[in-house]
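> Can you read through this structure? Questions will come right after.
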Amino acid sequence: MSFGEPEGYDGYARPRALGGRRRPQAVAAGVCLVLGLGLVTGAVTGSWLAGDSGDDGARSAFTAAGDLWHSVPVDQLFPPTVQGRGAGPGGADRTWTRVAVAPDGDCAGAFDPLLAKVLDPVGCTRLLRATYTDATQSHVTTVGLLFAKADAAAMTALADRFEKEDLGRRTDLMPLPYAAKDTVAVGFGAPQRASWTVSVLTDAPVVVYAVSGWADGRTVDEPEPAEEAMETGAGSAPAQAGLGHEAQGLADRVERALRKNVGPATEHPS
């Protein structure tokens, strides 16, 4: 992973300099007697990436994850094409193609007011979003990465609240989609939201979410959370169309890409 001049992304996924923000330098402490400066550097770097230095390694990985929004190219966080092996209904394979990347920015106006209030305790350093369509261009899905200002304790508290209060199933806490002109997602607005998922990570200061709908602009009277829409026998329109699988499948794979850019310390199967 390289850390050069901080960059953001415009609506065409082109990098643009942000400037003025420097990534904190990791400090290695308590190094035992070793032979030569090269061994010291190698040992510290290895433990940082692998997370094998206990709490210090975990904290380093957590901090590194929070810096990815300006140090990793957009194509690594939101690949132009995402393969979803077994991600569809009945274990069918899925392929998603990116149709738009939102200009990166803060979270102002990016969420409905109630969801913004729920997320407020962890803050917002940067918000990255991209919209994808499936191979048939029948469905559209926006996936987002909210890079928070919070520490691990605050992220864990928010994750616990989502679980205990079942916030991920509330239709008044759905994320907003990103509609882009001159794409199949041009009509993808709030009334078109059909299924969604929100995941608050505890080993990284990131909230991962996705929201899906039909590409033809139809409105949805009864959206359904991805977890319910993916259940065997679910009979809602979003479930029958596989829109729960669209949202969950893309969210899982974008989260996986995020973890790979940090290193083994934060990689988990999904």
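Residue names in the structure tokens use chain letters A, B, ... in the order shown, residue numbers from 1 in each chain, and ligand numbers from 1 in the order shown.
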Can you pull out the residues contacting Asp216 of chain A? Cut-off 9 Å, using only C-alpha atoms, and skip same-chain residues under 6 positions away; I want them as an mmCIF file with all heavy atoms, in the first residue's frame.


```
data_model
loop_
_atom_site.group_PDB
_atom_site.id
_atom_site.type_symbol
_atom_site.label_atom_id
_atom_site.label_comp_id
_atom_site.auth_asym_id
_atom_site.auth_seq_id
_atom_site.Cartn_x
_atom_site.Cartn_y
_atom_site.Cartn_z
ATOM 1 N N SER A 138 -30.997 -4.387 -15.327
ATOM 2 C CA SER A 138 -32.350 -4.334 -14.772
ATOM 3 C C SER A 138 -32.362 -3.709 -13.383
ATOM 4 O O SER A 138 -33.383 -3.154 -12.957
ATOM 5 C CB SER A 138 -32.933 -5.752 -14.681
ATOM 6 O OG SER A 138 -33.020 -6.349 -15.951
ATOM 7 N N HIS A 139 -31.254 -3.822 -12.683
ATOM 8 C CA HIS A 139 -31.168 -3.346 -11.308
ATOM 9 C C HIS A 139 -30.028 -2.344 -11.162
ATOM 10 O O HIS A 139 -29.051 -2.386 -11.921
ATOM 11 C CB HIS A 139 -30.930 -4.518 -10.348
ATOM 12 C CG HIS A 139 -31.924 -5.610 -10.473
ATOM 13 N ND1 HIS A 139 -31.585 -6.949 -10.386
ATOM 14 C CD2 HIS A 139 -33.267 -5.582 -10.685
ATOM 15 C CE1 HIS A 139 -32.664 -7.687 -10.533
ATOM 16 N NE2 HIS A 139 -33.696 -6.884 -10.722
ATOM 17 N N VAL A 184 -27.716 4.392 -16.542
ATOM 18 C CA VAL A 184 -28.920 3.616 -16.288
ATOM 19 C C VAL A 184 -29.508 3.939 -14.925
ATOM 20 O O VAL A 184 -30.676 3.636 -14.646
ATOM 21 C CB VAL A 184 -28.596 2.106 -16.404
ATOM 22 C CG1 VAL A 184 -27.674 1.661 -15.282
ATOM 23 C CG2 VAL A 184 -29.854 1.266 -16.448
ATOM 24 N N ALA A 185 -28.740 4.601 -14.067
ATOM 25 C CA ALA A 185 -29.191 4.932 -12.716
ATOM 26 C C ALA A 185 -29.753 6.341 -12.606
ATOM 27 O O ALA A 185 -29.968 6.833 -11.492
ATOM 28 C CB ALA A 185 -28.035 4.769 -11.733
ATOM 29 N N GLY A 187 -32.624 7.584 -12.864
ATOM 30 C CA GLY A 187 -33.884 7.697 -12.140
ATOM 31 C C GLY A 187 -33.891 7.046 -10.776
ATOM 32 O O GLY A 187 -34.958 6.811 -10.195
ATOM 33 N N PHE A 188 -32.712 6.767 -10.246
ATOM 34 C CA PHE A 188 -32.592 6.050 -8.978
ATOM 35 C C PHE A 188 -32.596 7.038 -7.818
ATOM 36 O O PHE A 188 -31.555 7.515 -7.370
ATOM 37 C CB PHE A 188 -31.308 5.225 -8.994
ATOM 38 C CG PHE A 188 -31.170 4.242 -7.853
ATOM 39 C CD1 PHE A 188 -32.273 3.730 -7.189
ATOM 40 C CD2 PHE A 188 -29.915 3.811 -7.455
ATOM 41 C CE1 PHE A 188 -32.140 2.830 -6.149
ATOM 42 C CE2 PHE A 188 -29.754 2.900 -6.425
ATOM 43 C CZ PHE A 188 -30.879 2.414 -5.770
#
```

> Which residues, written as a ChimeraX atom specification, have at least one atom at most 12 Å from segment 94-96 of chain A, with only C-alpha atoms counted and residues fewer than 6 positions away on the same chain left out?

/A:78-88,130-143,242-243,245-251,253-254

> Suppose we keep N, CA and C atoms; can you now write the selection as an mmCIF file, in the first residue's frame?


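Final file, result.cif:
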```cif
data_model
loop_
_atom_site.group_PDB
_atom_site.id
_atom_site.type_symbol
_atom_site.label_atom_id
_atom_site.label_comp_id
_atom_site.auth_asym_id
_atom_site.auth_seq_id
_atom_site.Cartn_x
_atom_site.Cartn_y
_atom_site.Cartn_z
ATOM 1 N N PHE A 78 -13.748 0.695 -5.272
ATOM 2 C CA PHE A 78 -14.946 0.415 -6.068
ATOM 3 C C PHE A 78 -14.499 -0.074 -7.441
ATOM 4 N N PRO A 79 -14.192 -1.355 -7.586
ATOM 5 C CA PRO A 79 -13.705 -1.865 -8.870
ATOM 6 C C PRO A 79 -14.702 -1.608 -10.001
ATOM 7 N N PRO A 80 -14.213 -1.350 -11.213
ATOM 8 C CA PRO A 80 -15.115 -1.126 -12.349
ATOM 9 C C PRO A 80 -16.059 -2.297 -12.594
ATOM 10 N N THR A 81 -15.570 -3.515 -12.333
ATOM 11 C CA THR A 81 -16.402 -4.706 -12.445
ATOM 12 C C THR A 81 -16.224 -5.536 -11.186
ATOM 13 N N VAL A 82 -17.334 -5.982 -10.627
ATOM 14 C CA VAL A 82 -17.306 -6.797 -9.414
ATOM 15 C C VAL A 82 -17.945 -8.144 -9.716
ATOM 16 N N GLN A 83 -17.216 -9.206 -9.430
ATOM 17 C CA GLN A 83 -17.736 -10.554 -9.623
ATOM 18 C C GLN A 83 -18.350 -11.051 -8.320
ATOM 19 N N GLY A 84 -19.575 -11.533 -8.416
ATOM 20 C CA GLY A 84 -20.263 -12.048 -7.241
ATOM 21 C C GLY A 84 -20.573 -13.525 -7.401
ATOM 22 N N ARG A 85 -19.569 -14.339 -7.203
ATOM 23 C CA ARG A 85 -19.774 -15.783 -7.336
ATOM 24 C C ARG A 85 -20.707 -16.277 -6.234
ATOM 25 N N GLY A 86 -21.827 -16.844 -6.656
ATOM 26 C CA GLY A 86 -22.796 -17.368 -5.704
ATOM 27 C C GLY A 86 -23.570 -16.306 -4.946
ATOM 28 N N ALA A 87 -23.523 -15.060 -5.407
ATOM 29 C CA ALA A 87 -24.137 -13.965 -4.665
ATOM 30 C C ALA A 87 -25.617 -13.761 -4.963
ATOM 31 N N GLY A 88 -26.122 -14.406 -6.009
ATOM 32 C CA GLY A 88 -27.517 -14.214 -6.375
ATOM 33 C C GLY A 88 -28.440 -15.211 -5.707
ATOM 34 N N ALA A 130 -20.483 4.799 -4.960
ATOM 35 C CA ALA A 130 -20.493 4.397 -6.368
ATOM 36 C C ALA A 130 -21.788 3.664 -6.641
ATOM 37 N N THR A 131 -22.252 3.742 -7.879
ATOM 38 C CA THR A 131 -23.472 3.038 -8.277
ATOM 39 C C THR A 131 -23.135 2.019 -9.351
ATOM 40 N N TYR A 132 -23.719 0.837 -9.207
ATOM 41 C CA TYR A 132 -23.482 -0.293 -10.111
ATOM 42 C C TYR A 132 -24.803 -0.745 -10.734
ATOM 43 N N THR A 133 -24.679 -1.459 -11.839
ATOM 44 C CA THR A 133 -25.827 -2.140 -12.417
ATOM 45 C C THR A 133 -25.460 -3.599 -12.648
ATOM 46 N N ASP A 134 -26.490 -4.446 -12.728
ATOM 47 C CA ASP A 134 -26.231 -5.869 -12.962
ATOM 48 C C ASP A 134 -26.009 -6.125 -14.449
ATOM 49 N N ALA A 135 -25.736 -7.376 -14.809
ATOM 50 C CA ALA A 135 -25.397 -7.714 -16.192
ATOM 51 C C ALA A 135 -26.535 -7.426 -17.157
ATOM 52 N N THR A 136 -27.774 -7.479 -16.681
ATOM 53 C CA THR A 136 -28.927 -7.230 -17.549
ATOM 54 C C THR A 136 -29.363 -5.768 -17.531
ATOM 55 N N GLN A 137 -28.728 -4.964 -16.714
ATOM 56 C CA GLN A 137 -29.076 -3.559 -16.522
ATOM 57 C C GLN A 137 -30.525 -3.398 -16.066
ATOM 58 N N SER A 138 -30.997 -4.387 -15.327
ATOM 59 C CA SER A 138 -32.350 -4.334 -14.772
ATOM 60 C C SER A 138 -32.362 -3.709 -13.383
ATOM 61 N N HIS A 139 -31.254 -3.822 -12.683
ATOM 62 C CA HIS A 139 -31.168 -3.346 -11.308
ATOM 63 C C HIS A 139 -30.028 -2.344 -11.162
ATOM 64 N N VAL A 140 -30.150 -1.462 -10.188
ATOM 65 C CA VAL A 140 -29.083 -0.519 -9.858
ATOM 66 C C VAL A 140 -28.861 -0.554 -8.354
ATOM 67 N N THR A 141 -27.624 -0.405 -7.949
ATOM 68 C CA THR A 141 -27.273 -0.472 -6.526
ATOM 69 C C THR A 141 -26.199 0.559 -6.216
ATOM 70 N N THR A 142 -26.457 1.378 -5.219
ATOM 71 C CA THR A 142 -25.440 2.305 -4.726
ATOM 72 C C THR A 142 -24.788 1.692 -3.498
ATOM 73 N N VAL A 143 -23.468 1.708 -3.476
ATOM 74 C CA VAL A 143 -22.722 1.225 -2.321
ATOM 75 C C VAL A 143 -21.875 2.376 -1.802
ATOM 76 N N GLY A 242 -34.636 -10.386 -6.407
ATOM 77 C CA GLY A 242 -33.249 -10.585 -5.991
ATOM 78 C C GLY A 242 -32.545 -9.314 -5.572
ATOM 79 N N LEU A 243 -33.310 -8.256 -5.241
ATOM 80 C CA LEU A 243 -32.686 -6.982 -4.899
ATOM 81 C C LEU A 243 -32.011 -6.999 -3.533
ATOM 82 N N HIS A 245 -30.274 -9.581 -2.543
ATOM 83 C CA HIS A 245 -28.980 -10.166 -2.892
ATOM 84 C C HIS A 245 -28.078 -9.130 -3.572
ATOM 85 N N GLU A 246 -28.683 -8.240 -4.370
ATOM 86 C CA GLU A 246 -27.888 -7.204 -5.031
ATOM 87 C C GLU A 246 -27.215 -6.304 -3.990
ATOM 88 N N ALA A 247 -28.011 -5.827 -3.035
ATOM 89 C CA ALA A 247 -27.466 -4.915 -2.025
ATOM 90 C C ALA A 247 -26.433 -5.611 -1.152
ATOM 91 N N GLN A 248 -26.778 -6.783 -0.621
ATOM 92 C CA GLN A 248 -25.868 -7.474 0.285
ATOM 93 C C GLN A 248 -24.618 -7.957 -0.426
ATOM 94 N N GLY A 249 -24.790 -8.469 -1.643
ATOM 95 C CA GLY A 249 -23.640 -8.980 -2.386
ATOM 96 C C GLY A 249 -22.611 -7.907 -2.686
ATOM 97 N N LEU A 250 -23.067 -6.742 -3.113
ATOM 98 C CA LEU A 250 -22.125 -5.664 -3.412
ATOM 99 C C LEU A 250 -21.495 -5.102 -2.140
ATOM 100 N N ALA A 251 -22.300 -4.940 -1.093
ATOM 101 C CA ALA A 251 -21.750 -4.433 0.161
ATOM 102 C C ALA A 251 -20.658 -5.357 0.686
ATOM 103 N N ARG A 253 -18.697 -7.379 -0.958
ATOM 104 C CA ARG A 253 -17.483 -7.389 -1.776
ATOM 105 C C ARG A 253 -16.726 -6.075 -1.710
ATOM 106 N N VAL A 254 -17.426 -4.972 -1.531
ATOM 107 C CA VAL A 254 -16.734 -3.703 -1.329
ATOM 108 C C VAL A 254 -16.052 -3.691 0.039
#
```

> With only C-alpha atoms as the basis for distance, which of A:Leu119, A:Ala154, A:Ala239, A:Ala102 is at the shortest distance from Asp203 of chain A?

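Of A:Leu119, A:Ala154, A:Ala239, A:Ala102, the one nearest Asp203 of chain A, counting only C-alpha atoms, is A:Ala154.
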
> Which is closest to Ala116 of chain A among A:Pro103, A:Pro175, A:Gly66, A:Pro89, if we use only C-alpha atoms?

A:Pro175

> Pick out the closest residue to Gly168 of chain A from this set: A:Val211, A:Ala150, A:Leu128, A:Ala92. Count only C-alpha atoms.

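Closest residue, counting only C-alpha atoms: A:Val211.
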
> Which polymer residues have any atom within 8 Å of an atom of Pro223 of chain A, counting only C-alpha atoms, with same-chain residues fewer than 6 positions away left out, as a PyMOL selection string?

chain A and resi 171+193-195+238

> Could the residues in this selection be saved with all heavy atoms as an mmCIF file, in the first residue's frame?


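Final output, result-v8.cif:
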```cif
data_model
loop_
_atom_site.group_PDB
_atom_site.id
_atom_site.type_symbol
_atom_site.label_atom_id
_atom_site.label_comp_id
_atom_site.auth_asym_id
_atom_site.auth_seq_id
_atom_site.Cartn_x
_atom_site.Cartn_y
_atom_site.Cartn_z
ATOM 1 N N THR A 171 -37.293 1.002 7.881
ATOM 2 C CA THR A 171 -37.400 1.654 6.577
ATOM 3 C C THR A 171 -37.151 3.155 6.645
ATOM 4 O O THR A 171 -36.873 3.786 5.617
ATOM 5 C CB THR A 171 -38.779 1.394 5.955
ATOM 6 O OG1 THR A 171 -39.802 1.845 6.861
ATOM 7 C CG2 THR A 171 -38.976 -0.089 5.671
ATOM 8 N N ARG A 193 -35.976 3.194 -3.778
ATOM 9 C CA ARG A 193 -35.229 2.282 -2.908
ATOM 10 C C ARG A 193 -36.065 1.037 -2.610
ATOM 11 O O ARG A 193 -37.207 1.138 -2.168
ATOM 12 C CB ARG A 193 -34.859 2.990 -1.604
ATOM 13 C CG ARG A 193 -33.871 4.114 -1.780
ATOM 14 C CD ARG A 193 -33.616 4.869 -0.483
ATOM 15 N NE ARG A 193 -34.782 5.653 -0.066
ATOM 16 C CZ ARG A 193 -34.789 6.476 0.978
ATOM 17 N NH1 ARG A 193 -33.687 6.614 1.722
ATOM 18 N NH2 ARG A 193 -35.870 7.157 1.286
ATOM 19 N N ALA A 194 -35.473 -0.128 -2.865
ATOM 20 C CA ALA A 194 -36.209 -1.382 -2.685
ATOM 21 C C ALA A 194 -35.628 -2.260 -1.578
ATOM 22 O O ALA A 194 -36.365 -2.912 -0.846
ATOM 23 C CB ALA A 194 -36.242 -2.166 -3.995
ATOM 24 N N SER A 195 -34.312 -2.312 -1.464
ATOM 25 C CA SER A 195 -33.678 -3.131 -0.432
ATOM 26 C C SER A 195 -32.361 -2.482 -0.039
ATOM 27 O O SER A 195 -31.768 -1.730 -0.830
ATOM 28 C CB SER A 195 -33.453 -4.560 -0.937
ATOM 29 O OG SER A 195 -33.085 -5.419 0.128
ATOM 30 N N PRO A 238 -39.218 -6.959 -3.856
ATOM 31 C CA PRO A 238 -37.751 -6.871 -3.836
ATOM 32 C C PRO A 238 -37.091 -8.238 -3.681
ATOM 33 O O PRO A 238 -36.055 -8.511 -4.301
ATOM 34 C CB PRO A 238 -37.470 -5.974 -2.629
ATOM 35 C CG PRO A 238 -38.697 -5.133 -2.494
ATOM 36 C CD PRO A 238 -39.822 -6.059 -2.852
#
```

> Between A:Thr219, A:Ser212, A:Gln240, A:Ser199, which residue has the minimum interatomic distance to Thr156 of chain A, considering only C-alpha atoms?

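Ranked by minimum distance to Thr156 of chain A, first place goes to A:Ser199.
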
> Go ahead and compute the interatomic distance for atom CA of Leu115 of chain A and atom CA of Ala61 of chain A, in Å to one decimal.

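Between atom CA of Leu115 of chain A and atom CA of Ala61 of chain A the gap works out to 27.3 Å.
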
> Given only C-alpha atoms as the basis, pick out the residue of A:Ala110, A:Phe62, A:Glu231, A:Leu77 nearest to Ala179 of chain A.

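Looking at the shortest contact to Ala179 of chain A, the residue is A:Ala110.
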
> So which residues of segment 19-233 of chain A fall under strand (DSSP E or B) by DSSP, listed as a ChimeraX atom specification?

/A:81-84,94-101,105,126-134,139-147,195-200,206-214,224-225

> Please indicate the distance in Å from atom CA of Met155 of chain A to atom CA of Gly123 of chain A, rounded to one decimal place.

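For atom CA of Met155 of chain A relative to atom CA of Gly123 of chain A, the distance reads 10.1 Å.
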
> What's the 10 Å shell around Pro205 of chain A, counting only C-alpha atoms, without same-chain residues fewer than 3 positions away, as a compact mmCIF listing (two decimals) with N, CA and C atoms, in the first residue's frame?


```txt
# COMPACT_ATOMS: atom_id res chain seq x y z
N PHE A 62 -6.49 -0.22 12.54
CA PHE A 62 -7.69 0.62 12.62
C PHE A 62 -7.40 2.00 12.04
N THR A 63 -6.26 2.58 12.41
CA THR A 63 -5.89 3.90 11.90
C THR A 63 -5.63 3.86 10.40
N ALA A 64 -4.95 2.82 9.95
CA ALA A 64 -4.65 2.69 8.52
C ALA A 64 -5.93 2.61 7.70
N ALA A 65 -6.93 1.89 8.20
CA ALA A 65 -8.20 1.77 7.48
C ALA A 65 -8.87 3.12 7.33
N GLY A 66 -8.76 3.96 8.34
CA GLY A 66 -9.38 5.27 8.28
C GLY A 66 -8.75 6.20 7.27
N ASP A 67 -7.52 5.90 6.83
CA ASP A 67 -6.81 6.74 5.87
C ASP A 67 -7.01 6.31 4.42
N VAL A 122 -20.47 8.97 15.39
CA VAL A 122 -19.15 8.53 14.91
C VAL A 122 -18.52 9.56 13.98
N GLY A 123 -19.25 10.61 13.62
CA GLY A 123 -18.69 11.65 12.77
C GLY A 123 -18.48 11.20 11.34
N CYS A 124 -18.00 12.11 10.52
CA CYS A 124 -17.77 11.81 9.10
C CYS A 124 -16.55 12.55 8.60
N THR A 125 -15.51 11.80 8.29
CA THR A 125 -14.31 12.38 7.69
C THR A 125 -14.49 12.51 6.19
N LEU A 145 -19.12 4.05 1.41
CA LEU A 145 -18.15 3.88 2.49
C LEU A 145 -18.09 5.21 3.24
N LEU A 146 -18.61 5.21 4.46
CA LEU A 146 -18.52 6.39 5.32
C LEU A 146 -17.29 6.21 6.21
N PHE A 147 -16.29 7.05 6.02
CA PHE A 147 -15.09 7.01 6.86
C PHE A 147 -15.32 7.92 8.06
N ALA A 148 -15.41 7.31 9.24
CA ALA A 148 -15.80 8.02 10.45
C ALA A 148 -14.60 8.65 11.14
N LYS A 149 -14.90 9.55 12.07
CA LYS A 149 -13.88 10.18 12.90
C LYS A 149 -13.68 9.43 14.21
N ALA A 150 -14.52 8.46 14.48
CA ALA A 150 -14.60 7.82 15.79
C ALA A 150 -13.45 6.85 16.06
N ASP A 151 -13.25 6.56 17.34
CA ASP A 151 -12.30 5.52 17.73
C ASP A 151 -13.03 4.18 17.78
N ALA A 152 -12.30 3.13 18.12
CA ALA A 152 -12.88 1.79 18.10
C ALA A 152 -14.04 1.65 19.09
N ALA A 154 -16.23 3.94 20.03
CA ALA A 154 -17.43 4.58 19.49
C ALA A 154 -18.02 3.76 18.36
N MET A 155 -17.17 3.16 17.52
CA MET A 155 -17.68 2.32 16.45
C MET A 155 -18.39 1.08 17.02
N THR A 156 -17.81 0.51 18.06
CA THR A 156 -18.42 -0.66 18.70
C THR A 156 -19.76 -0.28 19.33
N VAL A 200 -21.89 -1.52 10.35
CA VAL A 200 -20.96 -0.68 11.11
C VAL A 200 -19.77 -1.55 11.51
N LEU A 201 -18.61 -1.27 10.95
CA LEU A 201 -17.42 -2.07 11.27
C LEU A 201 -16.88 -1.66 12.63
N THR A 202 -16.32 -2.62 13.34
CA THR A 202 -15.74 -2.34 14.65
C THR A 202 -14.21 -2.41 14.64
```

> What is the atom CA of Ala234 of chain A to atom CA of Trp214 of chain A distance in Å?

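Going from atom CA of Ala234 of chain A over to atom CA of Trp214 of chain A covers 17.9 Å.
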
> For each of A:Asp93, A:Ala153, A:Gly144, A:Gly235, take the minimum atom-to-atom distance to Pro121 of chain A, counting only C-alpha atoms, then give the residue where this is smallest.

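Among the listed residues, the smallest separation from Pro121 of chain A belongs to A:Ala153.
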
> Please identify the alpha helix (DSSP H) residues within segment 21-267 of chain A (assignment by DSSP from backbone atoms) and present them as number ranges by chain.

A: 37-50, 55-66, 68-71, 74-77, 113-119, 152-164, 226-229, 237-240, 243-262
